[in-house]
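Heads up, query-v9.pdb below (PDB, C-alpha atoms and all ligand atoms):
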```pdb
ATOM      1  CA  MET A 225     -14.890  41.138 -12.675  1.00  0.00           C
ATOM      2  CA  ARG A 226     -16.510  38.090 -11.051  1.00  0.00           C
ATOM      3  CA  GLY A 227     -14.761  35.730  -8.626  1.00  0.00           C
ATOM      4  CA  HIS A 228     -14.596  32.977 -11.275  1.00  0.00           C
ATOM      5  CA  ASP A 229     -12.724  35.360 -13.574  1.00  0.00           C
ATOM      6  CA  TRP A 230     -10.235  36.299 -10.859  1.00  0.00           C
ATOM      7  CA  PHE A 231      -9.681  32.592 -10.302  1.00  0.00           C
ATOM      8  CA  ARG A 232      -9.048  31.671 -13.945  1.00  0.00           C
ATOM      9  CA  TYR A 233      -6.759  34.658 -14.535  1.00  0.00           C
ATOM     10  CA  SER A 234      -4.741  33.919 -11.389  1.00  0.00           C
ATOM     11  CA  VAL A 235      -4.291  30.296 -12.551  1.00  0.00           C
ATOM     12  CA  LEU A 236      -2.997  31.551 -15.921  1.00  0.00           C
ATOM     13  CA  ALA A 237      -0.542  33.850 -14.098  1.00  0.00           C
ATOM     14  CA  ALA A 238       0.633  30.906 -11.951  1.00  0.00           C
ATOM     15  CA  LEU A 239       1.125  28.804 -15.099  1.00  0.00           C
ATOM     16  CA  ILE A 240       3.419  31.453 -16.604  1.00  0.00           C
ATOM     17  CA  LEU A 241       5.294  31.764 -13.284  1.00  0.00           C
ATOM     18  CA  THR A 242       5.766  27.979 -13.067  1.00  0.00           C
ATOM     19  CA  TYR A 243       7.258  27.966 -16.543  1.00  0.00           C
ATOM     20  CA  THR A 244       9.526  30.905 -15.696  1.00  0.00           C
ATOM     21  CA  THR A 245      10.687  29.253 -12.448  1.00  0.00           C
ATOM     22  CA  ILE A 246      11.490  26.026 -14.310  1.00  0.00           C
ATOM     23  CA  LEU A 247      13.546  27.937 -16.899  1.00  0.00           C
ATOM     24  CA  LEU A 248      15.408  29.793 -14.134  1.00  0.00           C
ATOM     25  CA  GLY A 249      16.022  26.469 -12.333  1.00  0.00           C
ATOM     26  CA  GLY A 250      17.503  25.045 -15.541  1.00  0.00           C
ATOM     27  CA  ASN A 251      19.741  28.109 -15.686  1.00  0.00           C
ATOM     28  CA  VAL A 252      20.939  27.417 -12.110  1.00  0.00           C
ATOM     29  CA  ALA A 253      21.801  23.807 -12.979  1.00  0.00           C
ATOM     30  CA  ALA A 254      23.368  24.586 -16.386  1.00  0.00           C
ATOM     31  CA  SER A 255      25.606  27.322 -14.958  1.00  0.00           C
ATOM     32  CA  ASN A 256      26.662  25.290 -11.895  1.00  0.00           C
ATOM     33  CA  SER A 257      25.270  28.001  -9.608  1.00  0.00           C
ATOM     34  CA  GLY A 258      23.382  25.582  -7.328  1.00  0.00           C
ATOM     35  CA  LEU A 259      25.632  26.337  -4.341  1.00  0.00           C
ATOM     36  CA  ALA A 260      26.187  30.035  -5.049  1.00  0.00           C
ATOM     37  CA  CYS A 261      23.722  30.525  -2.187  1.00  0.00           C
ATOM     38  CA  PRO A 262      24.935  27.855   0.258  1.00  0.00           C
ATOM     39  CA  ASN A 263      22.137  28.454   2.795  1.00  0.00           C
ATOM     40  CA  TRP A 264      18.369  28.189   2.788  1.00  0.00           C
ATOM     41  CA  PRO A 265      16.018  30.031   3.181  1.00  0.00           C
ATOM     42  CA  THR A 266      18.584  32.825   3.466  1.00  0.00           C
ATOM     43  CA  CYS A 267      21.355  32.891   0.888  1.00  0.00           C
ATOM     44  CA  PHE A 268      24.315  33.101   3.317  1.00  0.00           C
ATOM     45  CA  ALA A 269      24.660  32.133   6.946  1.00  0.00           C
ATOM     46  CA  ASN A 270      24.517  35.844   7.967  1.00  0.00           C
ATOM     47  CA  GLY A 271      20.722  35.611   7.836  1.00  0.00           C
ATOM     48  CA  SER A 272      19.999  38.199   5.104  1.00  0.00           C
ATOM     49  CA  LEU A 273      17.233  37.337   2.642  1.00  0.00           C
ATOM     50  CA  PHE A 274      18.624  39.976   0.252  1.00  0.00           C
ATOM     51  CA  PRO A 275      22.254  39.105  -0.581  1.00  0.00           C
ATOM     52  CA  THR A 276      24.610  41.240  -2.680  1.00  0.00           C
ATOM     53  CA  LEU A 277      23.742  40.191  -6.196  1.00  0.00           C
ATOM     54  CA  THR A 278      26.947  39.156  -7.960  1.00  0.00           C
ATOM     55  CA  GLY A 279      27.928  36.204 -10.172  1.00  0.00           C
ATOM     56  CA  GLY A 280      26.160  32.925  -9.466  1.00  0.00           C
ATOM     57  CA  VAL A 281      24.188  34.498  -6.606  1.00  0.00           C
ATOM     58  CA  VAL A 282      22.120  36.449  -9.175  1.00  0.00           C
ATOM     59  CA  ILE A 283      21.263  33.198 -10.963  1.00  0.00           C
ATOM     60  CA  GLU A 284      20.431  31.187  -7.821  1.00  0.00           C
ATOM     61  CA  TRP A 285      18.628  34.041  -6.070  1.00  0.00           C
ATOM     62  CA  SER A 286      16.473  34.895  -9.120  1.00  0.00           C
ATOM     63  CA  HIS A 287      15.299  31.246  -9.143  1.00  0.00           C
ATOM     64  CA  ARG A 288      14.390  31.477  -5.453  1.00  0.00           C
ATOM     65  CA  LEU A 289      12.647  34.825  -5.942  1.00  0.00           C
ATOM     66  CA  SER A 290      10.654  33.457  -8.863  1.00  0.00           C
ATOM     67  CA  ALA A 291       9.741  30.368  -6.766  1.00  0.00           C
ATOM     68  CA  PHE A 292       8.544  32.697  -3.983  1.00  0.00           C
ATOM     69  CA  VAL A 293       6.324  34.722  -6.359  1.00  0.00           C
ATOM     70  CA  LEU A 294       5.021  31.444  -7.789  1.00  0.00           C
ATOM     71  CA  GLY A 295       4.197  30.243  -4.261  1.00  0.00           C
ATOM     72  CA  MET A 296       2.252  33.469  -3.640  1.00  0.00           C
ATOM     73  CA  SER A 297       0.310  33.091  -6.877  1.00  0.00           C
ATOM     74  CA  VAL A 298      -0.621  29.491  -6.024  1.00  0.00           C
ATOM     75  CA  ALA A 299      -1.729  30.627  -2.543  1.00  0.00           C
ATOM     76  CA  ILE A 300      -3.909  33.313  -4.184  1.00  0.00           C
ATOM     77  CA  PHE A 301      -5.660  30.986  -6.649  1.00  0.00           C
ATOM     78  CA  THR A 302      -6.179  28.359  -3.928  1.00  0.00           C
ATOM     79  CA  ALA A 303      -7.789  30.984  -1.674  1.00  0.00           C
ATOM     80  CA  LEU A 304      -9.981  32.119  -4.601  1.00  0.00           C
ATOM     81  CA  ALA A 305     -10.910  28.482  -5.309  1.00  0.00           C
ATOM     82  CA  LEU A 306     -11.921  27.992  -1.673  1.00  0.00           C
ATOM     83  CA  VAL A 307     -14.221  31.025  -1.913  1.00  0.00           C
ATOM     84  CA  TYR A 308     -15.585  30.861  -5.480  1.00  0.00           C
ATOM     85  CA  GLU A 309     -15.103  27.331  -6.809  1.00  0.00           C
ATOM     86  CA  ARG A 310     -16.884  25.213  -4.209  1.00  0.00           C
ATOM     87  CA  ASN A 311     -19.419  24.153  -6.864  1.00  0.00           C
ATOM     88  CA  ARG A 312     -16.589  22.928  -9.128  1.00  0.00           C
ATOM     89  CA  PRO A 313     -14.987  20.357  -6.789  1.00  0.00           C
ATOM     90  CA  ALA A 314     -12.438  19.104  -9.337  1.00  0.00           C
ATOM     91  CA  LEU A 315     -10.971  22.612  -9.679  1.00  0.00           C
ATOM     92  CA  LEU A 316     -10.984  23.064  -5.915  1.00  0.00           C
ATOM     93  CA  LYS A 317      -9.185  19.741  -5.376  1.00  0.00           C
ATOM     94  CA  ILE A 318      -6.524  20.412  -8.039  1.00  0.00           C
ATOM     95  CA  SER A 319      -5.938  23.861  -6.505  1.00  0.00           C
ATOM     96  CA  VAL A 320      -5.393  22.432  -3.023  1.00  0.00           C
ATOM     97  CA  VAL A 321      -3.080  19.689  -4.375  1.00  0.00           C
ATOM     98  CA  SER A 322      -1.087  22.373  -6.281  1.00  0.00           C
ATOM     99  CA  ALA A 323      -0.674  24.372  -3.068  1.00  0.00           C
ATOM    100  CA  VAL A 324       0.634  21.297  -1.231  1.00  0.00           C
ATOM    101  CA  LEU A 325       2.981  20.459  -4.133  1.00  0.00           C
ATOM    102  CA  VAL A 326       4.429  23.968  -4.394  1.00  0.00           C
ATOM    103  CA  LEU A 327       5.204  23.908  -0.653  1.00  0.00           C
ATOM    104  CA  ALA A 328       6.824  20.472  -0.983  1.00  0.00           C
ATOM    105  CA  GLN A 329       8.786  21.723  -4.009  1.00  0.00           C
ATOM    106  CA  ALA A 330      10.154  24.705  -2.080  1.00  0.00           C
ATOM    107  CA  PHE A 331      11.130  22.343   0.746  1.00  0.00           C
ATOM    108  CA  LEU A 332      12.816  20.040  -1.788  1.00  0.00           C
ATOM    109  CA  GLY A 333      14.647  23.061  -3.246  1.00  0.00           C
ATOM    110  CA  GLY A 334      16.070  23.725   0.225  1.00  0.00           C
ATOM    111  CA  LEU A 335      17.052  20.074   0.452  1.00  0.00           C
ATOM    112  CA  VAL A 336      18.840  20.337  -2.928  1.00  0.00           C
ATOM    113  CA  VAL A 337      21.062  22.999  -1.337  1.00  0.00           C
ATOM    114  CA  ASP A 338      21.449  21.292   2.070  1.00  0.00           C
ATOM    115  CA  SER A 339      22.368  17.978   0.399  1.00  0.00           C
ATOM    116  CA  ASN A 340      25.126  19.656  -1.661  1.00  0.00           C
ATOM    117  CA  LEU A 341      23.189  18.909  -4.871  1.00  0.00           C
ATOM    118  CA  ALA A 342      22.744  15.180  -4.216  1.00  0.00           C
ATOM    119  CA  VAL A 343      21.738  13.626  -7.542  1.00  0.00           C
ATOM    120  CA  LEU A 344      18.583  11.911  -6.271  1.00  0.00           C
ATOM    121  CA  VAL A 345      17.323  15.081  -4.597  1.00  0.00           C
ATOM    122  CA  VAL A 346      18.012  17.139  -7.760  1.00  0.00           C
ATOM    123  CA  ILE A 347      16.103  14.549  -9.850  1.00  0.00           C
ATOM    124  CA  ALA A 348      13.197  14.606  -7.359  1.00  0.00           C
ATOM    125  CA  HIS A 349      13.192  18.447  -7.549  1.00  0.00           C
ATOM    126  CA  LEU A 350      13.073  18.325 -11.366  1.00  0.00           C
ATOM    127  CA  GLY A 351      10.407  15.587 -11.338  1.00  0.00           C
ATOM    128  CA  MET A 352       8.197  17.493  -8.926  1.00  0.00           C
ATOM    129  CA  ALA A 353       8.545  20.645 -11.083  1.00  0.00           C
ATOM    130  CA  THR A 354       7.177  18.795 -14.136  1.00  0.00           C
ATOM    131  CA  ILE A 355       4.259  17.362 -12.108  1.00  0.00           C
ATOM    132  CA  LEU A 356       3.454  20.838 -10.764  1.00  0.00           C
ATOM    133  CA  PHE A 357       3.536  22.311 -14.273  1.00  0.00           C
ATOM    134  CA  GLY A 358       1.247  19.544 -15.596  1.00  0.00           C
ATOM    135  CA  LEU A 359      -1.192  20.062 -12.741  1.00  0.00           C
ATOM    136  CA  ILE A 360      -1.408  23.841 -13.142  1.00  0.00           C
ATOM    137  CA  LEU A 361      -1.690  23.471 -16.936  1.00  0.00           C
ATOM    138  CA  THR A 362      -4.646  21.088 -16.451  1.00  0.00           C
ATOM    139  CA  LEU A 363      -6.202  23.547 -14.013  1.00  0.00           C
ATOM    140  CA  ALA A 364      -5.696  26.448 -16.449  1.00  0.00           C
ATOM    141  CA  ILE A 365      -7.382  24.492 -19.265  1.00  0.00           C
ATOM    142  CA  LEU A 366     -10.334  23.370 -17.111  1.00  0.00           C
ATOM    143  CA  ALA A 367     -10.842  26.801 -15.542  1.00  0.00           C
ATOM    144  CA  ASN A 368     -10.841  28.561 -18.933  1.00  0.00           C
ATOM    145  CA  LEU A 369     -12.671  25.944 -21.037  1.00  0.00           C
ATOM    146  CA  SER A 370     -16.067  27.628 -20.864  1.00  0.00           C
ATOM    147  CA  HIS A 371     -14.467  30.842 -22.167  1.00  0.00           C
ATOM    148  CA  VAL A 372     -12.807  29.276 -25.207  1.00  0.00           C
ATOM    149  CA  PRO A 373     -14.087  30.898 -28.454  1.00  0.00           C
ATOM    150  CA  PRO A 374     -16.426  28.638 -30.534  1.00  0.00           C
ATOM    151  CA  ARG A 375     -13.834  28.369 -33.328  1.00  0.00           C
ATOM    152  CA  TRP A 376     -11.238  26.850 -30.936  1.00  0.00           C
ATOM    153  CA  ARG A 377     -13.887  24.600 -29.399  1.00  0.00           C
ATOM    154  CA  ALA A 378     -14.727  23.155 -32.827  1.00  0.00           C
ATOM    155  CA  TRP A 379     -10.994  22.613 -33.466  1.00  0.00           C
ATOM    156  CA  ILE A 380     -10.569  20.846 -30.086  1.00  0.00           C
ATOM    157  CA  ARG A 381     -13.530  18.569 -30.866  1.00  0.00           C
ATOM    158  CA  ARG A 382     -12.099  17.677 -34.280  1.00  0.00           C
ATOM    159  CA  ALA A 383      -8.631  17.044 -32.803  1.00  0.00           C
ATOM    160  CA  ALA A 384      -9.911  14.906 -29.919  1.00  0.00           C
ATOM    161  CA  GLU A 385     -12.525  12.749 -31.673  1.00  0.00           C
ATOM    162  CA  PRO A 386     -10.982  10.699 -34.506  1.00  0.00           C
ATOM    163  CA  ASP A 387     -14.301   9.874 -36.222  1.00  0.00           C
ATOM    164  CA  SER A 388     -16.017  13.199 -35.698  1.00  0.00           C
ATOM    165  CA  PRO A 389     -17.494  14.647 -38.912  1.00  0.00           C
ATOM    166  CA  ARG A 390     -15.857  17.856 -40.098  1.00  0.00           C
ATOM    167  CA  LEU A 391     -18.338  20.303 -38.671  1.00  0.00           C
ATOM    168  CA  PRO A 392     -18.754  23.534 -40.577  1.00  0.00           C
ATOM    169  CA  ARG A 393     -16.922  26.464 -39.022  1.00  0.00           C
ATOM    170  CA  PRO A 394     -19.162  28.571 -36.806  1.00  0.00           C
ATOM    171  CA  PRO A 395     -20.193  31.757 -38.611  1.00  0.00           C
ATOM    172  CA  ALA A 396     -17.960  34.739 -37.992  1.00  0.00           C
ATOM    173  CA  GLU A 397     -19.367  37.608 -35.937  1.00  0.00           C
ATOM    174  CA  PRO A 398     -21.195  40.054 -38.255  1.00  0.00           C
ATOM    175  CA  VAL A 399     -19.126  43.198 -38.766  1.00  0.00           C
ATOM    176  CA  ALA A 400     -21.041  46.473 -38.554  1.00  0.00           C
ATOM    177  CA  ARG A 401     -20.269  48.460 -41.725  1.00  0.00           C
ATOM    178  CA  PRO A 402     -20.560  52.260 -41.703  1.00  0.00           C
ATOM    179  CA  LYS A 403     -23.390  53.574 -43.888  1.00  0.00           C
ATOM    180  CA  PRO A 404     -22.031  55.308 -47.021  1.00  0.00           C
ATOM    181  CA  GLU A 405     -22.801  59.021 -47.035  1.00  0.00           C
ATOM    182  CA  ARG A 406     -25.088  60.493 -49.701  1.00  0.00           C
ATOM    183  CA  GLY A 407     -23.150  61.594 -52.742  1.00  0.00           C
ATOM    184  CA  SER A 408     -20.016  59.711 -51.679  1.00  0.00           C
ATOM    185  CA  ALA A 409     -17.930  57.874 -54.311  1.00  0.00           C
ATOM    186  CA  ASP A 410     -18.419  54.643 -52.283  1.00  0.00           C
ATOM    187  CA  LEU A 411     -22.155  54.496 -53.029  1.00  0.00           C
ATOM    188  CA  PRO A 412     -23.158  51.353 -54.923  1.00  0.00           C
ATOM    189  CA  ARG A 413     -24.039  51.920 -58.597  1.00  0.00           C
ATOM    190  CA  GLY A 414     -27.626  52.925 -59.341  1.00  0.00           C
ATOM    191  CA  SER A 415     -28.264  54.396 -55.869  1.00  0.00           C
TER     192      SER A 415
HETATM  193  C1  LIG A 501       8.782  26.114  -5.901  1.00  0.00           C
HETATM  194  C2  LIG A 501       9.032  26.096  -7.185  1.00  0.00           C
HETATM  195  C3  LIG A 501      10.306  25.586  -7.809  1.00  0.00           C
HETATM  196  C4  LIG A 501      10.363  25.024  -9.050  1.00  0.00           C
HETATM  197  C5  LIG A 501       9.204  24.816 -10.013  1.00  0.00           C
HETATM  198  C6  LIG A 501      11.751  24.661  -9.279  1.00  0.00           C
HETATM  199  C7  LIG A 501      12.223  24.066 -10.424  1.00  0.00           C
HETATM  200  C8  LIG A 501      13.545  23.775 -10.674  1.00  0.00           C
HETATM  201  C9  LIG A 501      14.051  23.174 -11.885  1.00  0.00           C
HETATM  202  C10 LIG A 501      13.213  22.723 -13.059  1.00  0.00           C
HETATM  203  C11 LIG A 501      15.395  23.064 -11.766  1.00  0.00           C
HETATM  204  C12 LIG A 501      16.365  22.494 -12.811  1.00  0.00           C
HETATM  205  C13 LIG A 501      16.760  21.083 -12.443  1.00  0.00           C
HETATM  206  C14 LIG A 501      17.709  20.481 -13.430  1.00  0.00           C
HETATM  207  O1  LIG A 501      17.831  20.947 -14.575  1.00  0.00           O
HETATM  208  O2  LIG A 501      18.363  19.503 -13.056  1.00  0.00           O
HETATM  209  C15 LIG A 501      15.757  23.607 -10.483  1.00  0.00           C
HETATM  210  C16 LIG A 501      17.030  23.676 -10.000  1.00  0.00           C
HETATM  211  C17 LIG A 501      17.358  24.109  -8.747  1.00  0.00           C
HETATM  212  N1  LIG A 501      16.493  24.585  -7.789  1.00  0.00           N
HETATM  213 FE1  LIG A 501      14.506  24.792  -7.965  1.00  0.00          FE
HETATM  214  N2  LIG A 501      12.488  25.004  -8.177  1.00  0.00           N
HETATM  215  C18 LIG A 501      11.656  25.586  -7.252  1.00  0.00           C
HETATM  216  C19 LIG A 501      11.993  26.063  -6.027  1.00  0.00           C
HETATM  217  C20 LIG A 501      13.266  26.105  -5.495  1.00  0.00           C
HETATM  218  C21 LIG A 501      13.603  26.650  -4.219  1.00  0.00           C
HETATM  219  C22 LIG A 501      12.651  27.312  -3.219  1.00  0.00           C
HETATM  220  C23 LIG A 501      14.929  26.481  -4.046  1.00  0.00           C
HETATM  221  C24 LIG A 501      15.624  26.925  -2.817  1.00  0.00           C
HETATM  222  C25 LIG A 501      16.738  26.734  -2.500  1.00  0.00           C
HETATM  223  C26 LIG A 501      15.446  25.808  -5.250  1.00  0.00           C
HETATM  224  C27 LIG A 501      16.751  25.445  -5.499  1.00  0.00           C
HETATM  225  C28 LIG A 501      17.237  24.918  -6.675  1.00  0.00           C
HETATM  226  C29 LIG A 501      18.648  24.628  -6.937  1.00  0.00           C
HETATM  227  C30 LIG A 501      19.819  24.844  -6.003  1.00  0.00           C
HETATM  228  C31 LIG A 501      18.716  24.123  -8.235  1.00  0.00           C
HETATM  229  C32 LIG A 501      19.983  23.691  -8.993  1.00  0.00           C
HETATM  230  C33 LIG A 501      20.261  22.243  -8.871  1.00  0.00           C
HETATM  231  C34 LIG A 501      21.577  21.880  -9.573  1.00  0.00           C
HETATM  232  O3  LIG A 501      22.495  22.689  -9.597  1.00  0.00           O
HETATM  233  O4  LIG A 501      21.673  20.759 -10.104  1.00  0.00           O
HETATM  234  N3  LIG A 501      14.382  25.600  -6.109  1.00  0.00           N
HETATM  235  N4  LIG A 501      14.622  24.023  -9.840  1.00  0.00           N
END
```

Now, as a test, write the supplied structure out as structure tokens.
Amino acid sequence: MRGHDWFRYSVLAALILTYTTILLGGNVAASNSGLACPNWPTCFANGSLFPTLTGGVVIEWSHRLSAFVLGMSVAIFTALALVYERNRPALLKISVVSAVLVLAQAFLGGLVVDSNLAVLVVIAHLGMATILFGLILTLAILANLSHVPPRWRAWIRRAAEPDSPRLPRPPAEPVARPKPERGSADLPRGS
């Protein structure tokens, strides 16, 4: 696999992880588990990164774990962008901005805990999550655009350009048919 492929696949993985982390964050808020881990970055003041997983701790800790894996995936695609995407500066810039945002988001997550779930901090944490998702979604689309099948490309053009003529669908790939054997019942009549 080429470096560009590693990059676009790692961005897709990060997109799925961002979505997962957002869902797990919603679960933390909806179940009032925000202070089940009262410390940050460790869960309890005893300094262990791996607390006993019971009750709300499972919910809060799984959100933190998912955020950590997300952070790693963003670090990986940013490193790949720095190596392989220097000739696509827009992708490189969005990658670097995503890396900065994910760091800021983790910091804000810590602040959510330290502030005892202060409303403004929680709103900022939610707002930043949506911006991060939008950014990584844009990156995933741009990085994979040249690999979109022609059928989808024609659909995108029709959807985006209001006055575009309805272009005929691109022909389907020819399917190789097996040759019928001599004397087989499948032979066309007269052969
Ligand atoms: C880095 C990626 C992260 C993303 C995308 C993310 C996203 C979210 C989202 C969408 C929510 C739900 C907010 C709501 O419904 O009001 C949430 C809640 C929360 N997040 Fe994160 N988060 C991240 C990292 C962290 C980290 C590292 C911590 C560390 C402590 C953290 C702590 C929390 C807490 C405590 C809540 C619950 C807030 C409440 O109870 O109202 N988050 N997060």

Margin query: Suppose a student applies the PyMOL selection byres (((not hetatm)) within 7 of (chain A and resi 501)) to this structure; what residues should they get, written as a PyMOL selection string?
Written below: chain A and resi 242+245-247+249-250+252-254+256-259+264-265+284+287-288+291-292+294-295+326-327+329-331+333-334+336-337+341+346-347+349-350+353

Checklist line | Pick from A:Ile360, A:Leu315, A:Ala396, A:Val343, whichever lies nearest to Pro374 of chain A using only C-alpha atoms | finding: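 Nearest candidate to Pro374 of chain A out of A:Ile360, A:Leu315, A:Ala396, A:Val343: A:Ala396.
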
Next item on the list: To one decimal in Å, tell me the separation between atom CA of Ser234 of chain A and atom CA of Val307 of chain A.
Entry: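 Computed distance, atom CA of Ser234 of chain A to atom CA of Val307 of chain A, equals 13.7 Å.
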
Check which residues satisfy the PyMOL selection byres (((chain A and resi 238) around 12) and not hetatm) in the file shown, then give them as a PDB file with C-alpha atoms, in the coordinates of the input.
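The file below, expr.pdb, is the result:
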```pdb
ATOM      1  CA  PHE A 231      -9.681  32.592 -10.302  1.00  0.00           C
ATOM      2  CA  ARG A 232      -9.048  31.671 -13.945  1.00  0.00           C
ATOM      3  CA  TYR A 233      -6.759  34.658 -14.535  1.00  0.00           C
ATOM      4  CA  SER A 234      -4.741  33.919 -11.389  1.00  0.00           C
ATOM      5  CA  VAL A 235      -4.291  30.296 -12.551  1.00  0.00           C
ATOM      6  CA  LEU A 236      -2.997  31.551 -15.921  1.00  0.00           C
ATOM      7  CA  ALA A 237      -0.542  33.850 -14.098  1.00  0.00           C
ATOM      8  CA  LEU A 239       1.125  28.804 -15.099  1.00  0.00           C
ATOM      9  CA  ILE A 240       3.419  31.453 -16.604  1.00  0.00           C
ATOM     10  CA  LEU A 241       5.294  31.764 -13.284  1.00  0.00           C
ATOM     11  CA  THR A 242       5.766  27.979 -13.067  1.00  0.00           C
ATOM     12  CA  TYR A 243       7.258  27.966 -16.543  1.00  0.00           C
ATOM     13  CA  THR A 244       9.526  30.905 -15.696  1.00  0.00           C
ATOM     14  CA  THR A 245      10.687  29.253 -12.448  1.00  0.00           C
ATOM     15  CA  SER A 290      10.654  33.457  -8.863  1.00  0.00           C
ATOM     16  CA  ALA A 291       9.741  30.368  -6.766  1.00  0.00           C
ATOM     17  CA  PHE A 292       8.544  32.697  -3.983  1.00  0.00           C
ATOM     18  CA  VAL A 293       6.324  34.722  -6.359  1.00  0.00           C
ATOM     19  CA  LEU A 294       5.021  31.444  -7.789  1.00  0.00           C
ATOM     20  CA  GLY A 295       4.197  30.243  -4.261  1.00  0.00           C
ATOM     21  CA  MET A 296       2.252  33.469  -3.640  1.00  0.00           C
ATOM     22  CA  SER A 297       0.310  33.091  -6.877  1.00  0.00           C
ATOM     23  CA  VAL A 298      -0.621  29.491  -6.024  1.00  0.00           C
ATOM     24  CA  ALA A 299      -1.729  30.627  -2.543  1.00  0.00           C
ATOM     25  CA  ILE A 300      -3.909  33.313  -4.184  1.00  0.00           C
ATOM     26  CA  PHE A 301      -5.660  30.986  -6.649  1.00  0.00           C
ATOM     27  CA  THR A 302      -6.179  28.359  -3.928  1.00  0.00           C
ATOM     28  CA  SER A 319      -5.938  23.861  -6.505  1.00  0.00           C
ATOM     29  CA  SER A 322      -1.087  22.373  -6.281  1.00  0.00           C
ATOM     30  CA  ALA A 323      -0.674  24.372  -3.068  1.00  0.00           C
ATOM     31  CA  VAL A 326       4.429  23.968  -4.394  1.00  0.00           C
ATOM     32  CA  LEU A 356       3.454  20.838 -10.764  1.00  0.00           C
ATOM     33  CA  PHE A 357       3.536  22.311 -14.273  1.00  0.00           C
ATOM     34  CA  GLY A 358       1.247  19.544 -15.596  1.00  0.00           C
ATOM     35  CA  LEU A 359      -1.192  20.062 -12.741  1.00  0.00           C
ATOM     36  CA  ILE A 360      -1.408  23.841 -13.142  1.00  0.00           C
ATOM     37  CA  LEU A 361      -1.690  23.471 -16.936  1.00  0.00           C
ATOM     38  CA  LEU A 363      -6.202  23.547 -14.013  1.00  0.00           C
ATOM     39  CA  ALA A 364      -5.696  26.448 -16.449  1.00  0.00           C
TER      40      ALA A 364
END
```

Next item on the list: Can you work out the spacing between atom CA of Trp285 of chain A and atom CA of Val320 of chain A in Å, to one decimal?
Entry: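 Separating atom CA of Trp285 of chain A from atom CA of Val320 of chain A is a distance of 26.9 Å.
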
Output segment 248-260 of chain A with N, CA and C atoms present, as an mmCIF file, in the frame of the given file.
```
data_model
loop_
_atom_site.group_PDB
_atom_site.id
_atom_site.type_symbol
_atom_site.label_atom_id
_atom_site.label_comp_id
_atom_site.auth_asym_id
_atom_site.auth_seq_id
_atom_site.Cartn_x
_atom_site.Cartn_y
_atom_site.Cartn_z
ATOM 1 N N LEU A 248 14.354 29.240 -14.998
ATOM 2 C CA LEU A 248 15.408 29.793 -14.134
ATOM 3 C C LEU A 248 16.126 28.684 -13.364
ATOM 4 N N GLY A 249 15.396 27.628 -13.004
ATOM 5 C CA GLY A 249 16.022 26.469 -12.333
ATOM 6 C C GLY A 249 17.009 25.788 -13.268
ATOM 7 N N GLY A 250 16.601 25.633 -14.543
ATOM 8 C CA GLY A 250 17.503 25.045 -15.541
ATOM 9 C C GLY A 250 18.764 25.887 -15.679
ATOM 10 N N ASN A 251 18.593 27.204 -15.589
ATOM 11 C CA ASN A 251 19.741 28.109 -15.686
ATOM 12 C C ASN A 251 20.693 27.895 -14.503
ATOM 13 N N VAL A 252 20.112 27.675 -13.304
ATOM 14 C CA VAL A 252 20.939 27.417 -12.110
ATOM 15 C C VAL A 252 21.781 26.157 -12.332
ATOM 16 N N ALA A 253 21.095 25.077 -12.798
ATOM 17 C CA ALA A 253 21.801 23.807 -12.979
ATOM 18 C C ALA A 253 22.855 23.916 -14.091
ATOM 19 N N ALA A 254 22.461 24.524 -15.233
ATOM 20 C CA ALA A 254 23.368 24.586 -16.386
ATOM 21 C C ALA A 254 24.598 25.442 -16.114
ATOM 22 N N SER A 255 24.458 26.433 -15.216
ATOM 23 C CA SER A 255 25.606 27.322 -14.958
ATOM 24 C C SER A 255 26.365 26.937 -13.683
ATOM 25 N N ASN A 256 26.010 25.771 -13.130
ATOM 26 C CA ASN A 256 26.662 25.290 -11.895
ATOM 27 C C ASN A 256 26.587 26.314 -10.762
ATOM 28 N N SER A 257 25.417 26.978 -10.650
ATOM 29 C CA SER A 257 25.270 28.001 -9.608
ATOM 30 C C SER A 257 24.482 27.481 -8.404
ATOM 31 N N GLY A 258 24.232 26.173 -8.377
ATOM 32 C CA GLY A 258 23.382 25.582 -7.328
ATOM 33 C C GLY A 258 23.831 25.898 -5.917
ATOM 34 N N LEU A 259 25.152 26.061 -5.704
ATOM 35 C CA LEU A 259 25.632 26.337 -4.341
ATOM 36 C C LEU A 259 26.148 27.765 -4.192
ATOM 37 N N ALA A 260 25.774 28.628 -5.163
ATOM 38 C CA ALA A 260 26.187 30.035 -5.049
ATOM 39 C C ALA A 260 25.557 30.661 -3.803
#
```
